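Heads up: the structure comes next, in structure tokens.
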There are 2 protein chains.
Amino acid sequence: MKPAAVRDGGAPARSAAADGGELDAIFGALSDPIRRAIVARLTEGECSVSQLGAPFAVSAPAISRHLAVLERCGLIARWQIGRVHYCRLIGDPLAQAAGWIEQRRAFWQGQLDGLAAYLDREEENSCAPSPTRPSR
Amino acid sequence: MKPAAVRDGGAPARSAAADGGELDAIFGALSDPIRRAIVARLTEGECSVSQLGAPFAVSAPAISRHLAVLERCGLIARWQIGRVHYCRLIGDPLAQAAGWIEQRRAFWQGQLDGLAAYLDREEENSCAPSPTRPSR
DNA sequence: TTCATACTTAACTTAACGGTTAAGTATCGA
DNA sequence: TCGATACTTAACCGTTAAGTTAAGTATGAA
């Protein structure tokens with residue numbers, strides 16, 4: 001699983017929180033199931049590229065390019081020891097993505113409260129909402 | 001054609017871990033800046049389609065299709081009153097996306113601590129022969 | 001030197017995406 | 001009934017994305 005020492009080798013360039021363009025790339029990267037699985041796996045520790053690709057039924061070049069996508073948006077760092085290439089996860093872009101969603105939390109938090117009430121009475125809803133306020 | 005069944009309380013499914021396919025669509029939807037802006041705007045309240053599209057320099061059909069993407073992954077609901085079509089945000093998919101990231105938080109939370117230490121040292125990228133040096 | 005390993009890059013195919021214009025459907029107002 | 005308004009759907013186009021196989025690069029070992 002981890003042939004290399006897990007010891008921290010230092011963080012790479014941390015991305016300064018820049019605007020939307022980065023979020024495009026980060027959310028785009030997370031929209032692929034293979035890349036999400038890779039990210040999930042890397043939360044357990046650094047890993048070689050071949051081990052990273054082993055669970056998936058795609059070719060090595062495909063994995064390599066998924067990693068390039070993840071690297072391009074700052075989600076992972078890659079380095080090489082001998083002929084083995086390793087990856088590690090970088091948390092910052094994940095925090096950025098979570099941050100964007102969290103900033104909208106005020107809304108859906110309230111809505112989830114509404115959902116609780118909704119589940120409470122288990123009402124059936126009508127099909128005709130009102131103009132500016134369908135129903136609550 | 002599609003009545004777009006207005007679910008006004010919020011989304012139904014509480015079986016949180018609806019699998020990857022949905023996350024593909026949700027993250028994919030959020031990877032576009034116009035769609036993110038639409039979502040952001042809808043956190044302030046429901047809105048007509050034309051008002052929703054007004055800030056963007058794209059045609060109405062383009063907006064309509066962005067809304068279709070958001071609707072398909074459950075992020076919004078649409079309904080019609082007279083000739084005006086309205087949208088409202090549904091929090092559940094946002095919570096789902098945030099939930100996926102949060103489940104990885106244990107990792108990057110720890111790493112941000114490491115980042116602090118890193119910023120502390122902030123020296124040149126070390127000729128340290130550490131086996132896990134993320135440089136090229 | 002020579003071969004095997006571990007990846008990446010190149011070239012290509014196919015499918016999806018985002019935009020457009022044009023046409024269609026419904027509703028409102030005169 | 002006729003026309004304007006508010007959108008959606010259809011058809012098309014150029015770009016991007018994901019997959020493939022084949023070739024290239026670099027390292028380790030024989």
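In the structure tokens, each chain is lettered A, B, ... as it comes, each chain's residues begin at 1, and ligands are numbered from 1 in order of appearance.
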
**Asked** Counting only C-alpha atoms (C1' of nucleotides), which residues from chain A have an atom at most 10 Å from any atom of chain C, and could you show them as a ChimeraX atom specification?
**Response** /A:48-50,60-61,64-65,80,82-85

Those residues you just picked out, can you put them in a file as a PDB file, in the first residue's frame with C-alpha atoms?
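New file part-v2.pdb:
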ATOM      1  CA  SER A  48       2.165   4.820  -6.376  1.00  0.00           C
ATOM      2  CA  VAL A  49       0.502   5.431  -9.715  1.00  0.00           C
ATOM      3  CA  SER A  50       0.174   1.769 -10.599  1.00  0.00           C
ATOM      4  CA  ALA A  60      -2.484   3.095 -17.687  1.00  0.00           C
ATOM      5  CA  PRO A  61      -2.569   6.135 -19.989  1.00  0.00           C
ATOM      6  CA  SER A  64      -2.131   8.947 -16.072  1.00  0.00           C
ATOM      7  CA  ARG A  65      -4.399  11.501 -17.580  1.00  0.00           C
ATOM      8  CA  GLN A  80       9.120  10.238  -8.668  1.00  0.00           C
ATOM      9  CA  GLY A  82      13.405   5.672  -9.090  1.00  0.00           C
ATOM     10  CA  ARG A  83      10.983   4.537 -11.700  1.00  0.00           C
ATOM     11  CA  VAL A  84       7.984   4.676  -9.423  1.00  0.00           C
ATOM     12  CA  HIS A  85       5.771   7.719  -9.447  1.00  0.00           C
TER      13      HIS A  85
END

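CA of Phe27 in chain A to CA of Leu30 in chain B spans 6.1 Å [interatomic distance, one decimal].
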
**Message:** Can you work out which residues from chain D touch chain A at a cut-off of 7 Å (counting only C-alpha atoms (C1' of nucleotides)) and hand them back as a ChimeraX atom specification?
**Reply:** /D:19,26-27

Let's see if you can do this: from backbone DSSP, list all helix (DSSP H, G or I) residues in range 44-113 of chain A, as a compact mmCIF listing (two decimals) with N, CA and C atoms, in the first residue's frame.
# COMPACT_ATOMS: atom_id res chain seq x y z
N VAL A 49 1.47 5.29 -8.63
CA VAL A 49 0.50 5.43 -9.72
C VAL A 49 -0.10 4.09 -10.10
N SER A 50 0.72 3.06 -10.16
CA SER A 50 0.17 1.77 -10.60
C SER A 50 -0.79 1.20 -9.56
N GLN A 51 -0.47 1.35 -8.30
CA GLN A 51 -1.41 0.90 -7.28
C GLN A 51 -2.70 1.69 -7.33
N LEU A 52 -2.53 2.97 -7.62
CA LEU A 52 -3.70 3.84 -7.70
C LEU A 52 -4.63 3.41 -8.82
N GLY A 53 -4.04 2.93 -9.91
CA GLY A 53 -4.87 2.58 -11.05
C GLY A 53 -5.37 1.15 -11.02
N ALA A 60 -3.39 2.23 -18.43
CA ALA A 60 -2.48 3.09 -17.69
C ALA A 60 -2.50 4.54 -18.21
N PRO A 61 -2.50 4.74 -19.52
CA PRO A 61 -2.57 6.14 -19.99
C PRO A 61 -3.82 6.85 -19.49
N ALA A 62 -4.91 6.14 -19.40
CA ALA A 62 -6.13 6.78 -18.90
C ALA A 62 -5.93 7.23 -17.46
N ILE A 63 -5.35 6.37 -16.65
CA ILE A 63 -5.07 6.75 -15.27
C ILE A 63 -4.12 7.94 -15.22
N SER A 64 -3.12 7.87 -16.06
CA SER A 64 -2.13 8.95 -16.07
C SER A 64 -2.79 10.29 -16.36
N ARG A 65 -3.75 10.23 -17.26
CA ARG A 65 -4.40 11.50 -17.58
C ARG A 65 -5.37 11.95 -16.51
N HIS A 66 -6.01 11.01 -15.84
CA HIS A 66 -6.83 11.40 -14.70
C HIS A 66 -5.96 12.09 -13.65
N LEU A 67 -4.78 11.55 -13.46
CA LEU A 67 -3.89 12.16 -12.48
C LEU A 67 -3.45 13.55 -12.94
N ALA A 68 -3.27 13.69 -14.25
CA ALA A 68 -2.90 15.00 -14.77
C ALA A 68 -4.01 16.01 -14.49
N VAL A 69 -5.25 15.56 -14.64
CA VAL A 69 -6.38 16.45 -14.36
C VAL A 69 -6.37 16.86 -12.89
N LEU A 70 -6.15 15.89 -12.03
CA LEU A 70 -6.15 16.18 -10.60
C LEU A 70 -4.97 17.10 -10.24
N GLU A 71 -3.87 16.90 -10.91
CA GLU A 71 -2.70 17.73 -10.62
C GLU A 71 -2.92 19.15 -11.12
N ARG A 72 -3.53 19.25 -12.28
CA ARG A 72 -3.71 20.57 -12.89
C ARG A 72 -4.57 21.48 -12.02
N GLY A 91 -5.01 19.15 0.28
CA GLY A 91 -6.34 19.42 0.80
C GLY A 91 -6.95 20.73 0.34
N ASP A 92 -6.11 21.65 -0.01
CA ASP A 92 -6.60 23.00 -0.26
C ASP A 92 -7.75 23.10 -1.27
N PRO A 93 -7.62 22.49 -2.43
CA PRO A 93 -8.72 22.61 -3.39
C PRO A 93 -10.01 21.97 -2.87
N LEU A 94 -9.88 20.90 -2.13
CA LEU A 94 -11.08 20.31 -1.52
C LEU A 94 -11.73 21.30 -0.58
N ALA A 95 -10.90 21.97 0.19
CA ALA A 95 -11.43 22.98 1.11
C ALA A 95 -12.11 24.10 0.34
N GLN A 96 -11.52 24.44 -0.80
CA GLN A 96 -12.09 25.50 -1.62
C GLN A 96 -13.48 25.11 -2.12
N ALA A 97 -13.58 23.89 -2.61
CA ALA A 97 -14.87 23.42 -3.12
C ALA A 97 -15.90 23.35 -1.99
N ALA A 98 -15.47 22.78 -0.88
CA ALA A 98 -16.39 22.69 0.26
C ALA A 98 -16.79 24.08 0.71
N GLY A 99 -15.85 25.00 0.65
CA GLY A 99 -16.13 26.37 1.06
C GLY A 99 -17.20 27.01 0.21
N TRP A 100 -17.12 26.78 -1.08
CA TRP A 100 -18.14 27.37 -1.95
C TRP A 100 -19.52 26.86 -1.56
N ILE A 101 -19.61 25.56 -1.36
CA ILE A 101 -20.91 25.00 -1.01
C ILE A 101 -21.36 25.50 0.36
N GLU A 102 -20.42 25.53 1.28
CA GLU A 102 -20.78 25.95 2.64
C GLU A 102 -21.32 27.37 2.66
N GLN A 103 -20.78 28.18 1.76
CA GLN A 103 -21.26 29.56 1.73
C GLN A 103 -22.73 29.64 1.33
N ARG A 105 -24.76 27.38 2.44
CA ARG A 105 -25.41 26.51 3.41
C ARG A 105 -26.57 27.19 4.09
N ALA A 106 -26.42 28.48 4.32
CA ALA A 106 -27.49 29.22 5.00
C ALA A 106 -28.81 28.90 4.35
N PHE A 107 -28.79 28.79 3.02
CA PHE A 107 -30.04 28.45 2.34
C PHE A 107 -30.48 27.04 2.65
N TRP A 108 -29.69 26.08 2.28
CA TRP A 108 -30.24 24.73 2.33
C TRP A 108 -30.28 24.19 3.73
N GLN A 109 -29.60 24.86 4.62
CA GLN A 109 -29.78 24.49 6.02
C GLN A 109 -31.21 24.77 6.42
N GLY A 110 -31.63 25.99 6.07
CA GLY A 110 -33.01 26.33 6.35
C GLY A 110 -33.97 25.38 5.67
N GLN A 111 -33.61 25.02 4.44
CA GLN A 111 -34.51 24.16 3.72
C GLN A 111 -34.56 22.76 4.33
N LEU A 112 -33.44 22.32 4.86
CA LEU A 112 -33.45 21.01 5.49
C LEU A 112 -34.31 21.04 6.75
N ASP A 113 -34.29 22.16 7.43
CA ASP A 113 -35.20 22.30 8.55
C ASP A 113 -36.63 22.15 8.05

**Asked** What is the CA of Arg88 in chain A-CA of Gly74 in chain A distance in Å, reported with one decimal?
**Response** 10.7 Å
